[in-house]
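The structure under discussion appears below in the form of structure tokens.
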Number of protein chains: 2
Amino acid sequence: MQPILKVNLSSGECTDYTIPAEWERDYLGAASLAARILYDDLTADLDPLAPEAPLLILTGPLTGTAGPAVGRFVVCGKSPATRLWAESNVGGFFGVELRKAGYDGIWLTGASSSPSYLFLNDGKPELRAADHLWGQDTYEIQESLQTEIGSKSTKVLSIGIAGENKVAFAGLFCDHGRAAGRTGLGAVMGSKKLKAIAVRGTGAIPLARPEAFKGLRTAANRALKADPMTTMLSDLGSAGAADYLDYLGEMPKKYFSAGVLEGSDKISGASVAETILVGKKACHACVIACGRVVDIGDGEKRKGPEYETLVGFGPNLGITDAIFATRMGELCDRYGMDVISASGTLGLAYSLFEQGIISAEDTDGLLLNWGNAEAAEALVHQMARREGFGALLADGSRALGRHFNAEAQAVQVNGLELAYHDPRGASGMALVYATSPRGACHNQSDYFLADIGQVDDSLGLEYFDRHAGAEKAANVARHQDWRTVGNALVLCHFANVPPKTVLDLVNAACGLALDLDDLMRAGERGWNLKRRINLNLGLVGADDHLPDPILQPLNDGGAAGYLIPFDEMLTAYYTARGWDENGIPTPEKLAELGLAGL
Amino acid sequence: MQPILKVNLSSGECTDYTIPAEWERDYLGAASLAARILYDDLTADLDPLAPEAPLLILTGPLTGTAGPAVGRFVVCGKSPATRLWAESNVGGFFGVELRKAGYDGIWLTGASSSPSYLFLNDGKPELRAADHLWGQDTYEIQESLQTEIGSKSTKVLSIGIAGENKVAFAGLFCDHGRAAGRTGLGAVMGSKKLKAIAVRGTGAIPLARPEAFKGLRTAANRALKADPMTTMLSDLGSAGAADYLDYLGEMPKKYFSAGVLEGSDKISGASVAETILVGKKACHACVIACGRVVDIGDGEKRKGPEYETLVGFGPNLGITDAIFATRMGELCDRYGMDVISASGTLGLAYSLFEQGIISAEDTDGLLLNWGNAEAAEALVHQMARREGFGALLADGSRALGRHFNAEAQAVQVNGLELAYHDPRGASGMALVYATSPRGACHNQSDYFLADIGQVDDSLGLEYFDRHAGAEKAANVARHQDWRTVGNALVLCHFANVPPKTVLDLVNAACGLALDLDDLMRAGERGWNLKRRINLNLGLVGADDHLPDPILQPLNDGGAAGYLIPFDEMLTAYYTARGWDENGIPTPEKLAELGLAGL
């Protein structure tokens, strides 16, 4: 492995951190490895926005190779939103460039006294003043730095105004709209007064067995190109199955309170493709190209909306306008805010407004009625800038709920808003949201796909009905372990690559001789390590919960009447995990995973 | 194998026909085996509606077992629509009952002098008068015969009024809407004055290695239940992917002349599910249950519309009303007519009306404007009854086109109307439609799925872009061979069962020791045998063509501007098949397949 560039922003000191070789074998890379590296630093009393809080940008052993859909990297630390383990991975090209610049990661500590940016030029780091760049959005800063550095091929990872203002769901962004959106690490970067990292690299991506890897990745890319999920994502983008998810009652409407919304059929990848799509965009070396390029009527080519953006700024607010979602997606990207948490927090505000708990007096006259797109747009600006009523939204839905004595209504887990896959339509998501190490996250397991049959039996995964209960708990755990492997490599979850192929690629890239059990064990190890971190940070078993609105049945739509048998599911899950009745990994389980003593 | 019951309707004589054992190994069953059995009887000068024309109802070695999605059987003969090889397979429960009654098939010859029906009661055949049943629809006849026979478990295969009137696209129907719809064999049955076949059976389905089979089929059913295609078809029915197909420009509109139609998003499985779905219905022992049960507002539980029905009586005619499609589907089922050919012929009429080639004088005042549902409904009645303008439609679109000097505009191949998968959206279908042994058929290869990535590499199948050309020809041939295996077993194409599993099931059911190459070779053998039959019947290479409208580009939608490179594709296809430049299997190819001398 290449070293990690460790930068103390307070002192300006840059050092190389060497990753212990056995950690690569045990944790593979990226999120799992970051958890191991940061383990000792993540303490309960650490303020995520204090200078001493770490922020670790880390690639995986497949990042930047020409393997299938492996352009991603991860950002990790302690979340200001959840005060728990934070990770958020992102595609595009920045991570590739970082490895070509000779580093597998950048580990930031300390804080700059004034705005600055880090320029890493083929192994040479340099901290530069960024006073003149402070206040730019995440699109502008990329062009500014490319001009300043004098190279269009410079890759830029930055925060926007939301990160500068330490919005609880600010993220790190690159390549015009690729987002490490979740868990608020943009606020951490903002607290360090680091506006951006610019990287140029011309080296090779390290591979232990390059010839073997080349043969494997060619075959893997070819097979992936032929996968039905690939063609669908390529043709229709991440909202390709929206029509189906809507039918299943899995697409939330009116902040998770309704199962049916007139016009929700306009919220689909097919509808986007038929109306505004003008092109596609891929991350590094990806054969899928799920990214949408759209023209919303002004002749500009814009990033098209993802599924989460379409729903969050759509049916979630009673709106069914893909062009509006496109505009809000770009606005959030430019401000550097996570679309899920931003729209989720808006959803709570609309819901409380409907109930009279929030009034027009609170909102300076904005009427937060379902379907009011103008009000949502105004509040997106306000929350990023921490202005007006938006200042109350900038700390997320849990804080907003608390302010209005309605915390129980906030559809979030431990401070992270639910993604737009309602567990009442796909019960596996109930466990996923409740037990994910970073709050209600759908990327630590996209089990909603397993709930409609996307299960790989070479991993011992089984299919259970989308409304099955405790019997699927062990399967959910196993699916999480596999996705933890993916988040360590980093392999995009959209890439339906057979596990045996993934294994071969890892062994060729790292020069290892793992088998599939080893790989799954590495996933389980990562999962349990993050659990231990969260327990250290103050998490207790009772925090493995679902918000009240999700434990009520819906009255209409494809999930109408279904009650999630959550308590039985969680008990079965603990058992399957080898955790005690308080959700604490047993000493035996830790020892089995080589985590004894942690 | 069990014998075939051979019934001479002219004399009333019933005999048992024993299938040569080696034919089971070489042809497996159903359609391929029927082609072998009927080979000598199918001659160019045979009138398909003459008494001497054969009609062979045949099951396959998996029919009626508890294997995955294997309730189907086939009806074969010479098509009155195409005057070529005819086969049409169908699900439900009749084929299962037939095998339980001790026969693997029924081979009808001759003709009754007055309406009759055949009652096969656990091995005992009896011809009975049916004068009192003539004129009943295919729903009514089932109840009538169950009452007359005194057993609700009697299974009934019948023709409707369309078959009685020898409509060129009349079919054989069972179980309230399960249709052997294509190629007009209902007219053959009608010409024999045989209204129906009623079967009761209490025997066991023969299996060579029952214990082995049981283990295999349990695992296979379990795996199938977990397949993503299964969950989608189970949740949304055969129109589950309609939204996607629409986007691809594969869903025809206004008789294949338009790529976009306002409101076509209402023509989807999700839309049906969200509006009128009240239940699901499965064929024998099927874990998918793609059949829809709908309530269109009158409190009745009806069969819901398939994809082909939704499109044929929908966008094809400029209509976007799933309830109307439901009603027309039931009307066609009751009359005993194929929905694809019926709606396709209507489409040509609408198109010619738009051009002024057909006028309101021809139609007794009906205005065949796009979107006119009332006119379509009136004509469905007329064509089944051969009344008024409908009498001109009752011989299909080729005949209708000829009548108005516009045969080139009829979207059909050799007398069979195209299914609603426009090859301009999925180019593999160009070869499929042009070379299928029964005209423009989508069930001899549903290559539109391969064109979006549904390819199984264990069969050596590869993925090619949906707009690739000649390079996919060999792949199309291989896909046809595999589907020919499915049509011989009979295995429903909706069941995504791994080829190795299919092989194991066949070997256990038949007591054979085939390998996957043998199985594929059996498919190729069947395909070439049917080719030889068609050549004997007068087919020439130039008949492997596409209708003119399909060789024009569309102006809008997902296939806009695309021209099918048909000539290169066909040349490559002949080469891949081992056929000469006139589309005739070479003596070497025939010898290789054990068909020398045919």
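Ligands are numbered from 1 in the order shown, chains are lettered A, B, ... in the order of the structure tokens, and residues start at 1 in each chain.
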
Problem set entry | Distance filter 9 Å, only C-alpha atoms, chain A against chain B, as a PyMOL selection string | chain A and resi 222-223+225-232+235-236+240+243-244+246-248+260+265-266+269-271+273-274+449-455+457+462-465+557-558

How about saving the chosen residues, N, CA, C and O atoms kept, as a short mmCIF file (atom, residue, chain, number, x, y, z; two decimals), in the first residue's frame?
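Result went into out.cif, see below:
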```cif
data_model
loop_
_atom_site.label_atom_id
_atom_site.label_comp_id
_atom_site.auth_asym_id
_atom_site.auth_seq_id
_atom_site.Cartn_x
_atom_site.Cartn_y
_atom_site.Cartn_z
N ARG A 222 -16.49 -6.87 -18.82
CA ARG A 222 -17.31 -7.39 -19.91
C ARG A 222 -18.58 -8.03 -19.37
O ARG A 222 -19.68 -7.82 -19.87
N ALA A 223 -18.39 -8.84 -18.32
CA ALA A 223 -19.57 -9.49 -17.71
C ALA A 223 -20.50 -8.44 -17.10
O ALA A 223 -21.72 -8.54 -17.23
N LYS A 225 -20.90 -5.39 -17.97
CA LYS A 225 -21.57 -4.65 -19.05
C LYS A 225 -22.82 -5.40 -19.51
O LYS A 225 -23.79 -4.79 -19.98
N ALA A 226 -22.79 -6.71 -19.38
CA ALA A 226 -23.89 -7.55 -19.85
C ALA A 226 -24.93 -7.83 -18.78
O ALA A 226 -25.90 -8.53 -19.03
N ASP A 227 -24.72 -7.30 -17.57
CA ASP A 227 -25.67 -7.59 -16.50
C ASP A 227 -26.95 -6.77 -16.69
O ASP A 227 -26.89 -5.59 -17.03
N PRO A 228 -28.10 -7.42 -16.49
CA PRO A 228 -29.36 -6.69 -16.69
C PRO A 228 -29.47 -5.45 -15.79
O PRO A 228 -30.06 -4.45 -16.19
N MET A 229 -28.90 -5.53 -14.57
CA MET A 229 -28.96 -4.36 -13.69
C MET A 229 -28.13 -3.22 -14.28
O MET A 229 -28.50 -2.05 -14.16
N THR A 230 -27.02 -3.58 -14.92
CA THR A 230 -26.20 -2.56 -15.56
C THR A 230 -26.96 -1.86 -16.69
O THR A 230 -26.98 -0.63 -16.77
N THR A 231 -27.58 -2.65 -17.56
CA THR A 231 -28.27 -2.02 -18.69
C THR A 231 -29.40 -1.12 -18.19
O THR A 231 -29.60 -0.03 -18.70
N MET A 232 -30.07 -1.56 -17.15
CA MET A 232 -31.16 -0.76 -16.62
C MET A 232 -30.63 0.54 -16.02
O MET A 232 -31.13 1.63 -16.30
N ASP A 235 -29.40 2.79 -18.77
CA ASP A 235 -30.48 3.40 -19.54
C ASP A 235 -31.30 4.39 -18.72
O ASP A 235 -31.70 5.44 -19.22
N LEU A 236 -31.55 4.04 -17.47
CA LEU A 236 -32.53 4.82 -16.70
C LEU A 236 -31.96 5.49 -15.46
O LEU A 236 -32.68 6.22 -14.77
N GLY A 240 -34.07 4.02 -11.99
CA GLY A 240 -34.60 3.08 -12.98
C GLY A 240 -35.73 2.22 -12.47
O GLY A 240 -36.64 1.86 -13.21
N ASP A 243 -40.54 3.19 -10.50
CA ASP A 243 -41.92 2.79 -10.75
C ASP A 243 -42.29 1.56 -9.90
O ASP A 243 -43.37 1.49 -9.30
N TYR A 244 -41.37 0.62 -9.87
CA TYR A 244 -41.55 -0.63 -9.12
C TYR A 244 -41.53 -0.34 -7.61
O TYR A 244 -42.42 -0.79 -6.86
N ASP A 246 -42.20 2.36 -6.15
CA ASP A 246 -43.43 3.08 -5.84
C ASP A 246 -44.57 2.09 -5.61
O ASP A 246 -45.29 2.16 -4.62
N TYR A 247 -44.69 1.15 -6.53
CA TYR A 247 -45.74 0.15 -6.40
C TYR A 247 -45.62 -0.64 -5.10
O TYR A 247 -46.62 -0.98 -4.46
N LEU A 248 -44.38 -0.94 -4.69
CA LEU A 248 -44.17 -1.74 -3.49
C LEU A 248 -44.49 -0.96 -2.21
O LEU A 248 -44.45 -1.52 -1.12
N VAL A 260 -49.63 6.70 -1.34
CA VAL A 260 -50.02 7.00 -2.71
C VAL A 260 -49.99 8.51 -2.91
O VAL A 260 -50.34 9.26 -2.00
N ASP A 265 -45.93 8.80 -10.71
CA ASP A 265 -45.35 8.08 -11.84
C ASP A 265 -44.40 8.97 -12.64
O ASP A 265 -43.63 8.47 -13.45
N LYS A 266 -44.45 10.26 -12.41
CA LYS A 266 -43.50 11.15 -13.09
C LYS A 266 -42.12 11.08 -12.44
O LYS A 266 -41.15 11.60 -12.98
N GLY A 269 -36.96 6.95 -13.49
CA GLY A 269 -35.87 7.08 -14.44
C GLY A 269 -36.38 7.12 -15.87
O GLY A 269 -35.83 7.84 -16.72
N ALA A 270 -37.42 6.34 -16.16
CA ALA A 270 -37.97 6.33 -17.51
C ALA A 270 -38.56 7.69 -17.85
O ALA A 270 -38.37 8.22 -18.95
N SER A 271 -39.26 8.26 -16.89
CA SER A 271 -39.87 9.56 -17.12
C SER A 271 -38.78 10.62 -17.35
O SER A 271 -38.90 11.45 -18.27
N ALA A 273 -35.81 10.01 -18.50
CA ALA A 273 -35.18 9.71 -19.78
C ALA A 273 -36.03 10.19 -20.94
O ALA A 273 -35.52 10.63 -21.97
N GLU A 274 -37.33 10.10 -20.77
CA GLU A 274 -38.22 10.46 -21.88
C GLU A 274 -38.43 11.97 -22.00
O GLU A 274 -38.94 12.44 -23.02
N LEU A 449 -32.98 -4.22 -2.33
CA LEU A 449 -32.81 -5.04 -3.54
C LEU A 449 -32.88 -6.53 -3.21
O LEU A 449 -33.44 -7.32 -3.96
N ALA A 450 -32.31 -6.91 -2.06
CA ALA A 450 -32.42 -8.32 -1.64
C ALA A 450 -33.89 -8.67 -1.42
O ALA A 450 -34.32 -9.79 -1.70
N ASP A 451 -34.65 -7.69 -0.92
CA ASP A 451 -36.07 -7.93 -0.66
C ASP A 451 -36.89 -8.09 -1.93
O ASP A 451 -38.06 -8.48 -1.88
N ILE A 452 -36.31 -7.77 -3.08
CA ILE A 452 -36.99 -8.11 -4.34
C ILE A 452 -36.16 -9.12 -5.14
O ILE A 452 -36.25 -9.18 -6.36
N GLY A 453 -35.35 -9.89 -4.43
CA GLY A 453 -34.73 -11.05 -5.08
C GLY A 453 -33.28 -10.89 -5.50
O GLY A 453 -32.71 -11.84 -6.05
N GLN A 454 -32.67 -9.74 -5.27
CA GLN A 454 -31.29 -9.57 -5.69
C GLN A 454 -30.38 -10.18 -4.61
O GLN A 454 -29.78 -9.47 -3.81
N VAL A 455 -30.30 -11.52 -4.60
CA VAL A 455 -29.50 -12.22 -3.60
C VAL A 455 -28.54 -13.15 -4.31
O VAL A 455 -28.88 -13.78 -5.30
N ASP A 457 -26.45 -16.44 -4.10
CA ASP A 457 -26.36 -17.61 -3.22
C ASP A 457 -24.92 -18.08 -3.02
O ASP A 457 -24.65 -18.88 -2.13
N GLU A 462 -29.99 -15.74 1.14
CA GLU A 462 -31.27 -16.34 0.78
C GLU A 462 -32.29 -15.25 0.49
O GLU A 462 -32.12 -14.11 0.89
N TYR A 463 -33.36 -15.66 -0.18
CA TYR A 463 -34.44 -14.72 -0.45
C TYR A 463 -35.56 -14.91 0.56
O TYR A 463 -35.99 -16.03 0.82
N PHE A 464 -36.00 -13.81 1.11
CA PHE A 464 -37.18 -13.82 1.97
C PHE A 464 -38.16 -12.78 1.45
O PHE A 464 -37.75 -11.76 0.90
N ASP A 465 -39.42 -13.06 1.66
CA ASP A 465 -40.44 -12.11 1.23
C ASP A 465 -40.16 -10.73 1.81
O ASP A 465 -39.63 -10.59 2.90
N GLY A 557 -51.44 2.38 -0.65
CA GLY A 557 -50.24 2.02 -1.38
C GLY A 557 -49.82 0.58 -1.14
O GLY A 557 -50.50 -0.19 -0.46
N GLY A 558 -48.68 0.24 -1.69
CA GLY A 558 -48.23 -1.15 -1.73
C GLY A 558 -47.79 -1.73 -0.40
O GLY A 558 -47.51 -2.94 -0.32
#
```

For this session: Report the residues of region 175-385 of chain B whose backbone DSSP state falls under helix (DSSP H, G or I), written as a ChimeraX atom specification.
Result: /B:182-191,210-225,228-239,242-247,264-266,269-275,307-312,315-317,322-335,339-354,373-385

For this session: Determine the nearest neighbour of Glu97 (chain A) from the options A:Ala170, A:Arg25, A:Lys195, A:Gly203, counting only C-alpha atoms.
Result: A:Gly203

Exercise. Counting only C-alpha atoms, which of B:Arg334, B:His545, B:Lys253, B:Arg532 gets nearest to Tyr39 (chain B)?
Worked result: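 Comparing B:Arg334, B:His545, B:Lys253, B:Arg532 against Tyr39 (chain B), the winner is B:Arg532.
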
For this session: Kindly indicate which residue among A:Leu98, A:Leu512, A:Leu133, A:Leu366 lies nearest to Gly388 (chain A), using only C-alpha atoms for the distances.
Result: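 Closest candidate: A:Leu366.
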
Problem set entry | Proximity to Ala470 (chain B) - best of B:Cys290, B:Leu216, B:Ile564, B:Ile197, only C-alpha atoms |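 Closest candidate: B:Ile564.
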
For this session: Please provide the set of residues having any atom within 6 Å of region 183-189 of chain A, restricted to only C-alpha atoms, with same-chain residues fewer than 5 positions apart removed, written as number ranges by chain.
Result: A: 49, 79, 81, 86, 159, 163, 166-172, 194

Exercise. Can you list, as a ChimeraX atom specification, every protein, DNA or RNA residue that comes within 8 Å of Pro437 (chain B) when you count only C-alpha atoms, leaving out same-chain residues fewer than 4 positions away?
Worked result: /B:84-86,527,530-531,534

Problem set entry | Every residue of region 293-524 of chain A that DSSP places in strand (DSSP E or B), as JSON, numbers by chain | {"A": [293, 294, 302, 303, 337, 412, 413, 416, 417, 437, 439]}

Any chance you could export the current selection's N, CA, C and O atoms as a PDB file, in the first residue's frame?
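Below you can see selection.pdb, which holds the result:
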```
ATOM      1  N   VAL A 293     -27.242  13.212 -17.568  1.00  0.00           N
ATOM      2  CA  VAL A 293     -27.046  14.581 -18.035  1.00  0.00           C
ATOM      3  C   VAL A 293     -28.386  15.024 -18.619  1.00  0.00           C
ATOM      4  O   VAL A 293     -28.943  14.332 -19.480  1.00  0.00           O
ATOM      5  N   VAL A 294     -28.897  16.126 -18.111  1.00  0.00           N
ATOM      6  CA  VAL A 294     -30.242  16.555 -18.530  1.00  0.00           C
ATOM      7  C   VAL A 294     -30.228  18.000 -19.000  1.00  0.00           C
ATOM      8  O   VAL A 294     -29.320  18.771 -18.685  1.00  0.00           O
ATOM      9  N   ARG A 302     -26.919  19.701 -17.463  1.00  0.00           N
ATOM     10  CA  ARG A 302     -26.830  19.622 -16.012  1.00  0.00           C
ATOM     11  C   ARG A 302     -26.789  18.177 -15.547  1.00  0.00           C
ATOM     12  O   ARG A 302     -27.251  17.291 -16.238  1.00  0.00           O
ATOM     13  N   LYS A 303     -26.281  18.000 -14.323  1.00  0.00           N
ATOM     14  CA  LYS A 303     -26.365  16.691 -13.695  1.00  0.00           C
ATOM     15  C   LYS A 303     -27.835  16.382 -13.444  1.00  0.00           C
ATOM     16  O   LYS A 303     -28.562  17.194 -12.881  1.00  0.00           O
ATOM     17  N   MET A 337     -24.383  20.162   0.279  1.00  0.00           N
ATOM     18  CA  MET A 337     -25.263  19.567   1.291  1.00  0.00           C
ATOM     19  C   MET A 337     -25.797  18.239   0.789  1.00  0.00           C
ATOM     20  O   MET A 337     -26.072  18.080  -0.396  1.00  0.00           O
ATOM     21  N   GLN A 412     -35.594   9.660  11.403  1.00  0.00           N
ATOM     22  CA  GLN A 412     -34.130   9.560  11.420  1.00  0.00           C
ATOM     23  C   GLN A 412     -33.748   8.519  12.471  1.00  0.00           C
ATOM     24  O   GLN A 412     -34.560   8.161  13.321  1.00  0.00           O
ATOM     25  N   VAL A 413     -32.555   8.032  12.369  1.00  0.00           N
ATOM     26  CA  VAL A 413     -32.031   7.134  13.405  1.00  0.00           C
ATOM     27  C   VAL A 413     -30.702   7.708  13.887  1.00  0.00           C
ATOM     28  O   VAL A 413     -29.766   7.896  13.098  1.00  0.00           O
ATOM     29  N   LEU A 416     -29.267  10.609  11.779  1.00  0.00           N
ATOM     30  CA  LEU A 416     -29.178  10.568  10.310  1.00  0.00           C
ATOM     31  C   LEU A 416     -30.550  10.235   9.727  1.00  0.00           C
ATOM     32  O   LEU A 416     -31.188   9.248  10.123  1.00  0.00           O
ATOM     33  N   GLU A 417     -30.965  11.061   8.785  1.00  0.00           N
ATOM     34  CA  GLU A 417     -32.279  10.899   8.172  1.00  0.00           C
ATOM     35  C   GLU A 417     -32.353   9.617   7.333  1.00  0.00           C
ATOM     36  O   GLU A 417     -31.379   9.246   6.667  1.00  0.00           O
ATOM     37  N   PRO A 437     -23.897   1.506  11.180  1.00  0.00           N
ATOM     38  CA  PRO A 437     -22.996   2.262  12.062  1.00  0.00           C
ATOM     39  C   PRO A 437     -23.084   3.774  11.881  1.00  0.00           C
ATOM     40  O   PRO A 437     -22.561   4.503  12.700  1.00  0.00           O
ATOM     41  N   GLY A 439     -26.139   5.589  11.391  1.00  0.00           N
ATOM     42  CA  GLY A 439     -27.517   6.059  11.392  1.00  0.00           C
ATOM     43  C   GLY A 439     -28.283   5.425  10.248  1.00  0.00           C
ATOM     44  O   GLY A 439     -27.858   4.404   9.692  1.00  0.00           O
TER      45      GLY A 439
END
```

Residue contacts of Val540 (chain B) (9 Å, only C-alpha atoms) excluding same-chain residues fewer than 4 positions away, as a tab-separated table (two decimals) with N, CA and C atoms, in the first residue's frame:
```tsv
chain	number	residue	atom	x	y	z
B	534	ASN	N	-40.76	-26.06	-42.99
B	534	ASN	CA	-41.20	-24.84	-43.70
B	534	ASN	C	-40.71	-24.80	-45.14
B	535	LEU	N	-39.49	-25.27	-45.35
B	535	LEU	CA	-38.99	-25.34	-46.74
B	535	LEU	C	-39.85	-26.30	-47.54
B	544	ASP	N	-37.57	-14.74	-45.28
B	544	ASP	CA	-36.94	-14.29	-44.03
B	544	ASP	C	-36.77	-12.78	-44.12
B	582	ASN	N	-29.26	-19.25	-49.48
B	582	ASN	CA	-30.72	-19.23	-49.66
B	582	ASN	C	-31.47	-19.62	-48.39
B	583	GLY	N	-30.71	-19.72	-47.29
B	583	GLY	CA	-31.37	-20.05	-46.02
B	583	GLY	C	-31.72	-21.51	-45.88
B	584	ILE	N	-31.04	-22.36	-46.65
B	584	ILE	CA	-31.32	-23.80	-46.60
B	584	ILE	C	-30.22	-24.49	-45.79
```

Exercise. If you count only C-alpha atoms, which residues fall within 10 Å of region 494-505 of chain A, apart from same-chain ones fewer than 2 positions away, as a VMD selection string?
Worked result: chain A and resid 61 to 62 67 to 70 209 212 to 217 219 to 221 223 to 225 227 to 230 233 238 286 to 288 290 446 454 456 to 459 482 485 to 486 489 491 to 492 507 to 520

Exercise. Restricting the calculation to only C-alpha atoms, which member of B:Ser158, B:Ser341, B:Thr43, B:Thr202 is positioned closest to Tyr420 (chain B)?
Worked result: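 Among the listed residues, the smallest separation from Tyr420 (chain B) belongs to B:Ser341.
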
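Counting from CA of Ser257 (chain A), the distance to CA of Ala440 (chain A) is 17.5 Å.
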
Exercise. Just how far from CA of Gly401 (chain A) is CA of Asn165 (chain A), in Å to one decimal?
Worked result: 20.6 Å
